[in-house]
Amino acid sequence: MWVQTKDQIKECIETYKRGVAYVDLDAIISNMDAMHAMLRTDTKMYAVIKTNGYGHGSLPIAKALESVPYVKGYAVATAEEALELRADGIKKDILILSYTFPYSYEELIREDVRITVFRNDTIGQISAAAAAVGKNAVVHIAVDTGMGRIGVAPDKEGLDFVRRTLDAPNIIVEGIFTHMAKADEADKTYARMQLDSFRKFIGDISGHLGAVIPISHISNSASILELPDAYMDAVRAGITMYGLAPSDEVDMSRINLKPALSLFSHITYVKKVKPGTSISYGGLFTADKEMLVATVPLGYGDGYPRSLTGKGEVLVRGRRCPILGRICMDQFMIDVSVFPDIKEGETVTLLGYDGDEHISAEELGEKSGRFNYELVCLIGSRIPRVYTLHGAPVLALSST
Ligand SMILES: *Cc1c(COP(=O)(O)O)cnc(C)c1O
């Protein structure tokens, strides 16, 4: 449930001490501004908010970006994601980046959602749906220049697909795009090959078909940071909008990006244990001295990786405290022996800053063997999100 009044937000924060994620909308806007400053002045941005905004929450992010002029619109992965944003009052363009199943075409056309096309059967289906709705469908054509996922090949057959789409009744071709497979690698040879292939295909479309498709786009986050040649009419900013790194090969020092998401919990139990006491399932950890052990009420059921067992750390009072033994579904234990006066109720930082100490999604990703994208996407729906703008909480999504 969304809550908006000051008292409701305060209550949400107080109630959900088990675990709460803060999403800093100022950081999101600042990250978009920082990227926009690198672009050509005429290049627009799509904010990629698929998978509920990489776990951060798509609606508050879209709301925060509605009034930002260079944001052309939003990119999502499914019809449901697009329609939910529309139902919640989001007005800017919404583009579905992957294959969209025919059951949703009429609704999507009614709601002005851009559909990505690349399959032969889709053209007739969308054309018919548009006729039934009595409104033109707006589509983007996906081209496969080396990702091997979706899209028509940039060859004669692909050109024929573009021609048929341009000629189809009730369909407006607004955009054409391709996706890079290796833009996040230090060696940009493959990314440049994809860019060249895409440019050549666009040249073929104008040369052979006499058509100019208004919006061509190729860049993802890594390419925004490291491949200025690829800006074109628009870029698609994903992971960097959230302040996270596309990979460890991308040079993050060239831009000031701020991680938007922090994850906190609170200690529910503190106990002194004797030497020889084993902790959690399987007894993987056994105390070799007297220790102070605290229980944190959050676990892999909330998306906190079980693979952090024996490796992870959290922050308490600005210091790193190791995780002891297995992460359970809803709880795990930490060593707080350094704080003899530690109390139940104290804050535990799983992701984010506590004083000068910091745990990043990249660190958790590396330690857990999980990709940083995946880590934030999987923060569970049991974790309420609290959104801050201009430094103050503005909106909260309470736990489901
Ligand atoms: C997810 C996605 C993006 C965003 O990728 P990032 O690496 O997060 O910037 C861009 N384009 C397409 C087609 C995608 O699927």
# chains A, B, ... in the order shown; residues from 1 in each chain; ligands from 1
>>> select_by_dssp(residues="stretch 116-172 of chain A", states="alpha helix (DSSP H)", output="list of chain:residue names")
A:Asn120, A:Asp121, A:Thr122, A:Ile123, A:Gly124, A:Gln125, A:Ile126, A:Ser127, A:Ala128, A:Ala129, A:Ala130, A:Ala131, A:Ala132, A:Val133, A:Lys156, A:Glu157, A:Gly158, A:Leu159, A:Asp160, A:Phe161, A:Val162, A:Arg163, A:Arg164, A:Thr165, A:Leu166, A:Asp167
>>> write_last_selection(atoms="N, CA, C and O atoms", output="mmCIF file, in the first residue's frame")
data_model
loop_
_atom_site.group_PDB
_atom_site.id
_atom_site.type_symbol
_atom_site.label_atom_id
_atom_site.label_comp_id
_atom_site.auth_asym_id
_atom_site.auth_seq_id
_atom_site.Cartn_x
_atom_site.Cartn_y
_atom_site.Cartn_z
ATOM 1 N N ASN A 120 7.706 -11.623 -37.562
ATOM 2 C CA ASN A 120 6.821 -11.402 -38.706
ATOM 3 C C ASN A 120 5.347 -11.417 -38.331
ATOM 4 O O ASN A 120 4.584 -10.587 -38.809
ATOM 5 N N ASP A 121 4.964 -12.346 -37.445
ATOM 6 C CA ASP A 121 3.535 -12.460 -37.126
ATOM 7 C C ASP A 121 3.011 -11.243 -36.366
ATOM 8 O O ASP A 121 1.816 -10.948 -36.393
ATOM 9 N N THR A 122 3.913 -10.511 -35.694
ATOM 10 C CA THR A 122 3.478 -9.389 -34.858
ATOM 11 C C THR A 122 2.846 -8.254 -35.674
ATOM 12 O O THR A 122 1.910 -7.604 -35.216
ATOM 13 N N ILE A 123 3.377 -8.041 -36.867
ATOM 14 C CA ILE A 123 2.925 -6.880 -37.659
ATOM 15 C C ILE A 123 1.419 -6.938 -37.941
ATOM 16 O O ILE A 123 0.683 -5.999 -37.641
ATOM 17 N N GLY A 124 0.990 -8.081 -38.483
ATOM 18 C CA GLY A 124 -0.429 -8.243 -38.782
ATOM 19 C C GLY A 124 -1.275 -8.181 -37.514
ATOM 20 O O GLY A 124 -2.362 -7.588 -37.503
ATOM 21 N N GLN A 125 -0.763 -8.775 -36.436
ATOM 22 C CA GLN A 125 -1.526 -8.801 -35.180
ATOM 23 C C GLN A 125 -1.706 -7.394 -34.614
ATOM 24 O O GLN A 125 -2.783 -7.022 -34.149
ATOM 25 N N ILE A 126 -0.652 -6.604 -34.664
ATOM 26 C CA ILE A 126 -0.750 -5.245 -34.125
ATOM 27 C C ILE A 126 -1.629 -4.377 -35.022
ATOM 28 O O ILE A 126 -2.442 -3.585 -34.549
ATOM 29 N N SER A 127 -1.466 -4.568 -36.311
ATOM 30 C CA SER A 127 -2.282 -3.825 -37.264
ATOM 31 C C SER A 127 -3.770 -4.080 -37.011
ATOM 32 O O SER A 127 -4.576 -3.138 -36.963
ATOM 33 N N ALA A 128 -4.094 -5.347 -36.811
ATOM 34 C CA ALA A 128 -5.496 -5.714 -36.568
ATOM 35 C C ALA A 128 -5.982 -5.149 -35.230
ATOM 36 O O ALA A 128 -7.104 -4.638 -35.127
ATOM 37 N N ALA A 129 -5.121 -5.234 -34.215
ATOM 38 C CA ALA A 129 -5.502 -4.713 -32.892
ATOM 39 C C ALA A 129 -5.735 -3.207 -32.978
ATOM 40 O O ALA A 129 -6.690 -2.667 -32.401
ATOM 41 N N ALA A 130 -4.888 -2.516 -33.732
ATOM 42 C CA ALA A 130 -5.022 -1.067 -33.869
ATOM 43 C C ALA A 130 -6.327 -0.721 -34.588
ATOM 44 O O ALA A 130 -7.028 0.217 -34.209
ATOM 45 N N ALA A 131 -6.653 -1.515 -35.609
ATOM 46 C CA ALA A 131 -7.909 -1.284 -36.322
ATOM 47 C C ALA A 131 -9.090 -1.467 -35.380
ATOM 48 O O ALA A 131 -10.044 -0.687 -35.387
ATOM 49 N N ALA A 132 -9.014 -2.501 -34.530
ATOM 50 C CA ALA A 132 -10.106 -2.780 -33.589
ATOM 51 C C ALA A 132 -10.266 -1.651 -32.580
ATOM 52 O O ALA A 132 -11.384 -1.295 -32.199
ATOM 53 N N VAL A 133 -9.141 -1.086 -32.157
ATOM 54 C CA VAL A 133 -9.186 -0.007 -31.165
ATOM 55 C C VAL A 133 -9.567 1.321 -31.834
ATOM 56 O O VAL A 133 -10.108 2.224 -31.204
ATOM 57 N N LYS A 156 19.251 -8.009 -45.684
ATOM 58 C CA LYS A 156 18.159 -7.814 -46.647
ATOM 59 C C LYS A 156 16.811 -8.226 -46.073
ATOM 60 O O LYS A 156 15.798 -7.566 -46.275
ATOM 61 N N GLU A 157 16.834 -9.348 -45.352
ATOM 62 C CA GLU A 157 15.587 -9.835 -44.754
ATOM 63 C C GLU A 157 15.075 -8.851 -43.708
ATOM 64 O O GLU A 157 13.883 -8.575 -43.604
ATOM 65 N N GLY A 158 16.027 -8.320 -42.923
ATOM 66 C CA GLY A 158 15.680 -7.319 -41.911
ATOM 67 C C GLY A 158 15.098 -6.076 -42.555
ATOM 68 O O GLY A 158 14.121 -5.491 -42.076
ATOM 69 N N LEU A 159 15.702 -5.691 -43.667
ATOM 70 C CA LEU A 159 15.239 -4.517 -44.398
ATOM 71 C C LEU A 159 13.813 -4.732 -44.911
ATOM 72 O O LEU A 159 12.971 -3.831 -44.877
ATOM 73 N N ASP A 160 13.553 -5.954 -45.328
ATOM 74 C CA ASP A 160 12.218 -6.301 -45.799
ATOM 75 C C ASP A 160 11.205 -6.200 -44.644
ATOM 76 O O ASP A 160 10.087 -5.720 -44.825
ATOM 77 N N PHE A 161 11.634 -6.612 -43.470
ATOM 78 C CA PHE A 161 10.763 -6.504 -42.288
ATOM 79 C C PHE A 161 10.457 -5.029 -42.004
ATOM 80 O O PHE A 161 9.311 -4.663 -41.723
ATOM 81 N N VAL A 162 11.488 -4.193 -42.081
ATOM 82 C CA VAL A 162 11.292 -2.758 -41.830
ATOM 83 C C VAL A 162 10.310 -2.183 -42.859
ATOM 84 O O VAL A 162 9.396 -1.428 -42.509
ATOM 85 N N ARG A 163 10.488 -2.582 -44.118
ATOM 86 C CA ARG A 163 9.594 -2.074 -45.166
ATOM 87 C C ARG A 163 8.146 -2.478 -44.887
ATOM 88 O O ARG A 163 7.237 -1.653 -44.948
ATOM 89 N N ARG A 164 7.951 -3.752 -44.541
ATOM 90 C CA ARG A 164 6.587 -4.220 -44.281
ATOM 91 C C ARG A 164 5.973 -3.520 -43.065
ATOM 92 O O ARG A 164 4.785 -3.231 -43.035
ATOM 93 N N THR A 165 6.812 -3.236 -42.069
ATOM 94 C CA THR A 165 6.299 -2.543 -40.877
ATOM 95 C C THR A 165 5.916 -1.105 -41.235
ATOM 96 O O THR A 165 4.864 -0.601 -40.817
ATOM 97 N N LEU A 166 6.779 -0.466 -42.036
ATOM 98 C CA LEU A 166 6.486 0.919 -42.442
ATOM 99 C C LEU A 166 5.206 0.992 -43.284
ATOM 100 O O LEU A 166 4.446 1.956 -43.188
ATOM 101 N N ASP A 167 4.980 -0.055 -44.090
ATOM 102 C CA ASP A 167 3.811 -0.070 -44.975
ATOM 103 C C ASP A 167 2.534 -0.537 -44.292
ATOM 104 O O ASP A 167 1.449 -0.398 -44.857
#
>>> select_by_dssp(residues="stretch 170-357 of chain A", states="strand (DSSP E or B)", output="PyMOL selection string")
chain A and resi 171-178+215-217+234-237+261-266+269-273+278-279+285-286+291-296+313-316+319-324+332-335+347-354+357
>>> residues_near_ligand(ligand="ligand 1", cutoff="6 Å", atoms="only C-alpha atoms and all ligand atoms", output="list in words")
Val48, Leu97, His179, Asn220, Ser221, Arg236, Ala237, Gly238, Ile239 and Pro246 of chain A
>>> write_last_selection(atoms="all heavy atoms", output="PDB file, in the first residue's frame")
ATOM      1  N   VAL A  48      15.282   3.315 -17.753  1.00  0.00           N
ATOM      2  CA  VAL A  48      14.910   1.904 -17.784  1.00  0.00           C
ATOM      3  C   VAL A  48      14.447   1.489 -16.381  1.00  0.00           C
ATOM      4  O   VAL A  48      15.228   1.472 -15.431  1.00  0.00           O
ATOM      5  CB  VAL A  48      16.077   1.016 -18.262  1.00  0.00           C
ATOM      6  CG1 VAL A  48      15.640  -0.444 -18.335  1.00  0.00           C
ATOM      7  CG2 VAL A  48      16.581   1.485 -19.631  1.00  0.00           C
ATOM      8  N   LEU A  97      10.570  -3.217 -23.964  1.00  0.00           N
ATOM      9  CA  LEU A  97      11.819  -3.556 -24.653  1.00  0.00           C
ATOM     10  C   LEU A  97      11.870  -4.976 -25.209  1.00  0.00           C
ATOM     11  O   LEU A  97      12.697  -5.266 -26.059  1.00  0.00           O
ATOM     12  CB  LEU A  97      13.003  -3.397 -23.692  1.00  0.00           C
ATOM     13  CG  LEU A  97      13.335  -1.977 -23.223  1.00  0.00           C
ATOM     14  CD1 LEU A  97      14.352  -2.045 -22.094  1.00  0.00           C
ATOM     15  CD2 LEU A  97      13.868  -1.150 -24.377  1.00  0.00           C
ATOM     16  N   HIS A 179      20.771  -3.536 -29.112  1.00  0.00           N
ATOM     17  CA  HIS A 179      21.275  -3.620 -27.735  1.00  0.00           C
ATOM     18  C   HIS A 179      22.685  -4.195 -27.739  1.00  0.00           C
ATOM     19  O   HIS A 179      22.966  -5.157 -28.448  1.00  0.00           O
ATOM     20  CB  HIS A 179      20.337  -4.510 -26.916  1.00  0.00           C
ATOM     21  CG  HIS A 179      20.613  -4.490 -25.442  1.00  0.00           C
ATOM     22  ND1 HIS A 179      20.775  -3.319 -24.726  1.00  0.00           N
ATOM     23  CD2 HIS A 179      20.747  -5.496 -24.551  1.00  0.00           C
ATOM     24  CE1 HIS A 179      20.991  -3.613 -23.450  1.00  0.00           C
ATOM     25  NE2 HIS A 179      20.988  -4.926 -23.309  1.00  0.00           N
ATOM     26  N   ASN A 220      23.201   1.609 -23.755  1.00  0.00           N
ATOM     27  CA  ASN A 220      22.799   1.273 -22.380  1.00  0.00           C
ATOM     28  C   ASN A 220      23.729   2.048 -21.440  1.00  0.00           C
ATOM     29  O   ASN A 220      24.496   2.903 -21.882  1.00  0.00           O
ATOM     30  CB  ASN A 220      22.880  -0.243 -22.163  1.00  0.00           C
ATOM     31  CG  ASN A 220      24.277  -0.791 -22.448  1.00  0.00           C
ATOM     32  OD1 ASN A 220      25.209  -0.050 -22.762  1.00  0.00           O
ATOM     33  ND2 ASN A 220      24.418  -2.093 -22.347  1.00  0.00           N
ATOM     34  N   SER A 221      23.695   1.742 -20.149  1.00  0.00           N
ATOM     35  CA  SER A 221      24.479   2.517 -19.179  1.00  0.00           C
ATOM     36  C   SER A 221      25.966   2.540 -19.513  1.00  0.00           C
ATOM     37  O   SER A 221      26.595   3.600 -19.528  1.00  0.00           O
ATOM     38  CB  SER A 221      24.310   1.926 -17.776  1.00  0.00           C
ATOM     39  OG  SER A 221      22.995   2.090 -17.347  1.00  0.00           O
ATOM     40  N   ARG A 236      19.355   4.672 -23.377  1.00  0.00           N
ATOM     41  CA  ARG A 236      18.545   3.949 -22.392  1.00  0.00           C
ATOM     42  C   ARG A 236      19.384   3.740 -21.131  1.00  0.00           C
ATOM     43  O   ARG A 236      20.285   2.908 -21.111  1.00  0.00           O
ATOM     44  CB  ARG A 236      18.097   2.599 -22.966  1.00  0.00           C
ATOM     45  CG  ARG A 236      17.378   2.706 -24.308  1.00  0.00           C
ATOM     46  CD  ARG A 236      16.861   1.358 -24.780  1.00  0.00           C
ATOM     47  NE  ARG A 236      17.886   0.357 -24.971  1.00  0.00           N
ATOM     48  CZ  ARG A 236      18.573   0.150 -26.101  1.00  0.00           C
ATOM     49  NH1 ARG A 236      18.327   0.900 -27.173  1.00  0.00           N
ATOM     50  NH2 ARG A 236      19.481  -0.796 -26.174  1.00  0.00           N
ATOM     51  N   ALA A 237      19.066   4.513 -20.105  1.00  0.00           N
ATOM     52  CA  ALA A 237      19.866   4.454 -18.879  1.00  0.00           C
ATOM     53  C   ALA A 237      19.214   3.527 -17.867  1.00  0.00           C
ATOM     54  O   ALA A 237      18.070   3.722 -17.477  1.00  0.00           O
ATOM     55  CB  ALA A 237      20.013   5.843 -18.281  1.00  0.00           C
ATOM     56  N   GLY A 238      19.942   2.496 -17.480  1.00  0.00           N
ATOM     57  CA  GLY A 238      19.440   1.550 -16.481  1.00  0.00           C
ATOM     58  C   GLY A 238      20.246   1.634 -15.211  1.00  0.00           C
ATOM     59  O   GLY A 238      20.089   2.566 -14.410  1.00  0.00           O
ATOM     60  N   ILE A 239      21.154   0.722 -15.058  1.00  0.00           N
ATOM     61  CA  ILE A 239      21.864   0.533 -13.785  1.00  0.00           C
ATOM     62  C   ILE A 239      22.515   1.812 -13.245  1.00  0.00           C
ATOM     63  O   ILE A 239      22.525   2.057 -12.044  1.00  0.00           O
ATOM     64  CB  ILE A 239      22.902  -0.619 -13.922  1.00  0.00           C
ATOM     65  CG1 ILE A 239      23.327  -1.150 -12.552  1.00  0.00           C
ATOM     66  CG2 ILE A 239      24.116  -0.206 -14.737  1.00  0.00           C
ATOM     67  CD1 ILE A 239      22.346  -2.073 -11.911  1.00  0.00           C
ATOM     68  N   PRO A 246      27.881  -0.724 -14.158  1.00  0.00           N
ATOM     69  CA  PRO A 246      27.531  -1.749 -15.149  1.00  0.00           C
ATOM     70  C   PRO A 246      28.424  -2.985 -15.045  1.00  0.00           C
ATOM     71  O   PRO A 246      27.988  -4.096 -15.313  1.00  0.00           O
ATOM     72  CB  PRO A 246      27.734  -1.059 -16.486  1.00  0.00           C
ATOM     73  CG  PRO A 246      27.715   0.411 -16.199  1.00  0.00           C
ATOM     74  CD  PRO A 246      28.256   0.556 -14.807  1.00  0.00           C
TER      75      PRO A 246
END
>>> closest_residue(among="A:Ile171, A:Val117, A:Cys377, A:Ala396", to="A:Lys135", atoms="only C-alpha atoms")
A:Ile171
>>> residues_around(residues="stretch 72-76 of chain A", least_positions_apart="6", cutoff="7 Å", atoms="only C-alpha atoms", output="CSV table (one decimal) with C-alpha atoms, in the first residue's frame")
chain,number,residue,atom,x,y,z
A,44,LYS,CA,17.0,12.3,-25.1
A,45,MET,CA,16.9,9.7,-22.4
A,46,TYR,CA,14.8,6.7,-21.6
A,47,ALA,CA,14.8,5.7,-17.9
A,48,VAL,CA,14.9,1.9,-17.8
A,49,ILE,CA,12.6,0.9,-14.9
A,50,LYS,CA,11.8,-2.7,-15.7
A,82,ALA,CA,3.6,-0.5,-18.7
A,92,LYS,CA,5.3,10.2,-20.7
A,93,ASP,CA,6.2,7.6,-23.4
A,94,ILE,CA,6.5,4.0,-22.2
A,95,LEU,CA,8.4,1.5,-24.4
A,96,ILE,CA,8.3,-2.3,-23.8
A,97,LEU,CA,11.8,-3.6,-24.7
>>> closest_residue(among="A:Ser262, A:Ser219, A:Thr349, A:Ser206", to="A:Thr388", atoms="only C-alpha atoms")
A:Ser262
>>> residues_around(residues="A:Glu374", least_positions_apart="2", cutoff="10 Å", atoms="only C-alpha atoms", output="PDB file with C-alpha atoms, in the first residue's frame")
ATOM      1  CA  TYR A  54      15.606  -2.793 -10.666  1.00  0.00           C
ATOM      2  CA  GLY A  55      13.911  -3.453  -7.315  1.00  0.00           C
ATOM      3  CA  GLY A 303      16.414 -11.336  -1.182  1.00  0.00           C
ATOM      4  CA  ALA A 361      25.756  -3.520  -4.018  1.00  0.00           C
ATOM      5  CA  GLY A 365      27.435  -8.920  -5.394  1.00  0.00           C
ATOM      6  CA  ARG A 370      25.448 -12.542  -7.428  1.00  0.00           C
ATOM      7  CA  PHE A 371      25.473  -9.800 -10.032  1.00  0.00           C
ATOM      8  CA  ASN A 372      24.793  -6.317  -8.560  1.00  0.00           C
ATOM      9  CA  VAL A 376      18.864  -5.129  -6.082  1.00  0.00           C
ATOM     10  CA  CYS A 377      16.179  -6.649  -8.343  1.00  0.00           C
ATOM     11  CA  LEU A 378      15.639  -9.425  -5.850  1.00  0.00           C
ATOM     12  CA  ILE A 379      15.113  -7.345  -2.704  1.00  0.00           C
TER      13      ILE A 379
END
>>> closest_residue(among="A:Cys321, A:Val113, A:Leu227, A:Ile213", to="A:Glu81", atoms="only C-alpha atoms")
A:Val113
>>> closest_residue(among="A:Glu107, A:Glu363, A:Glu185, A:Glu174", to="A:Leu351", atoms="only C-alpha atoms")
A:Glu363
>>> residues_around(residues="stretch 8-13 of chain A", least_positions_apart="2", cutoff="10 Å", atoms="only C-alpha atoms", output="number ranges by chain")
A: 2-6, 15-22, 384-387, 393-399
>>> atom_distance(atom1="atom CA of A:Phe264", atom2="atom CA of A:Tyr353")
9.9 Å
>>> residues_around(residues="A:Gly151", least_positions_apart="4", cutoff="8 Å", atoms="only C-alpha atoms", output="mmCIF file with N, CA, C and O atoms, in the first residue's frame")
data_model
loop_
_atom_site.group_PDB
_atom_site.id
_atom_site.type_symbol
_atom_site.label_atom_id
_atom_site.label_comp_id
_atom_site.auth_asym_id
_atom_site.auth_seq_id
_atom_site.Cartn_x
_atom_site.Cartn_y
_atom_site.Cartn_z
ATOM 1 N N VAL A 117 8.860 -4.475 -32.011
ATOM 2 C CA VAL A 117 8.506 -5.493 -33.004
ATOM 3 C C VAL A 117 9.752 -6.044 -33.704
ATOM 4 O O VAL A 117 10.732 -5.325 -33.898
ATOM 5 N N PHE A 118 9.684 -7.329 -34.036
ATOM 6 C CA PHE A 118 10.791 -7.980 -34.758
ATOM 7 C C PHE A 118 10.346 -9.322 -35.325
ATOM 8 O O PHE A 118 11.042 -9.925 -36.116
ATOM 9 N N ARG A 119 9.162 -9.799 -34.915
ATOM 10 C CA ARG A 119 8.651 -11.082 -35.407
ATOM 11 C C ARG A 119 7.662 -10.820 -36.520
ATOM 12 O O ARG A 119 6.815 -9.926 -36.388
ATOM 13 N N ILE A 141 11.327 -0.833 -33.737
ATOM 14 C CA ILE A 141 11.839 -2.065 -34.340
ATOM 15 C C ILE A 141 13.141 -2.452 -33.641
ATOM 16 O O ILE A 141 14.041 -1.617 -33.496
ATOM 17 N N ALA A 142 13.222 -3.708 -33.198
ATOM 18 C CA ALA A 142 14.465 -4.189 -32.589
ATOM 19 C C ALA A 142 15.336 -4.826 -33.663
ATOM 20 O O ALA A 142 14.853 -5.587 -34.507
ATOM 21 N N VAL A 143 16.624 -4.491 -33.615
ATOM 22 C CA VAL A 143 17.596 -5.033 -34.567
ATOM 23 C C VAL A 143 18.649 -5.799 -33.767
ATOM 24 O O VAL A 143 19.119 -5.316 -32.733
ATOM 25 N N ASP A 144 18.992 -6.975 -34.244
ATOM 26 C CA ASP A 144 20.025 -7.765 -33.558
ATOM 27 C C ASP A 144 21.369 -7.565 -34.249
ATOM 28 O O ASP A 144 21.631 -8.123 -35.297
ATOM 29 N N THR A 178 18.925 -1.163 -31.114
ATOM 30 C CA THR A 178 19.659 -2.410 -30.940
ATOM 31 C C THR A 178 20.288 -2.382 -29.558
ATOM 32 O O THR A 178 20.270 -1.351 -28.882
#
>>> atom_distance(atom1="atom CA of A:Ser381", atom2="atom CA of A:Glu111")
26.8 Å
>>> residues_around(residues="A:Leu324", least_positions_apart="5", cutoff="8 Å", atoms="only C-alpha atoms", output="list in words")
Ile279, Ser280, Phe285, Thr309, Gly310, Phe332, Met333, Ile334 and Asp335 of chain A
>>> atom_distance(atom1="atom CA of A:Ile359", atom2="atom CA of A:Val314")
7.5 Å
>>> closest_residue(among="A:His358, A:His208, A:Arg317, A:Lys311", to="A:Asp341", atoms="only C-alpha atoms")
A:Arg317
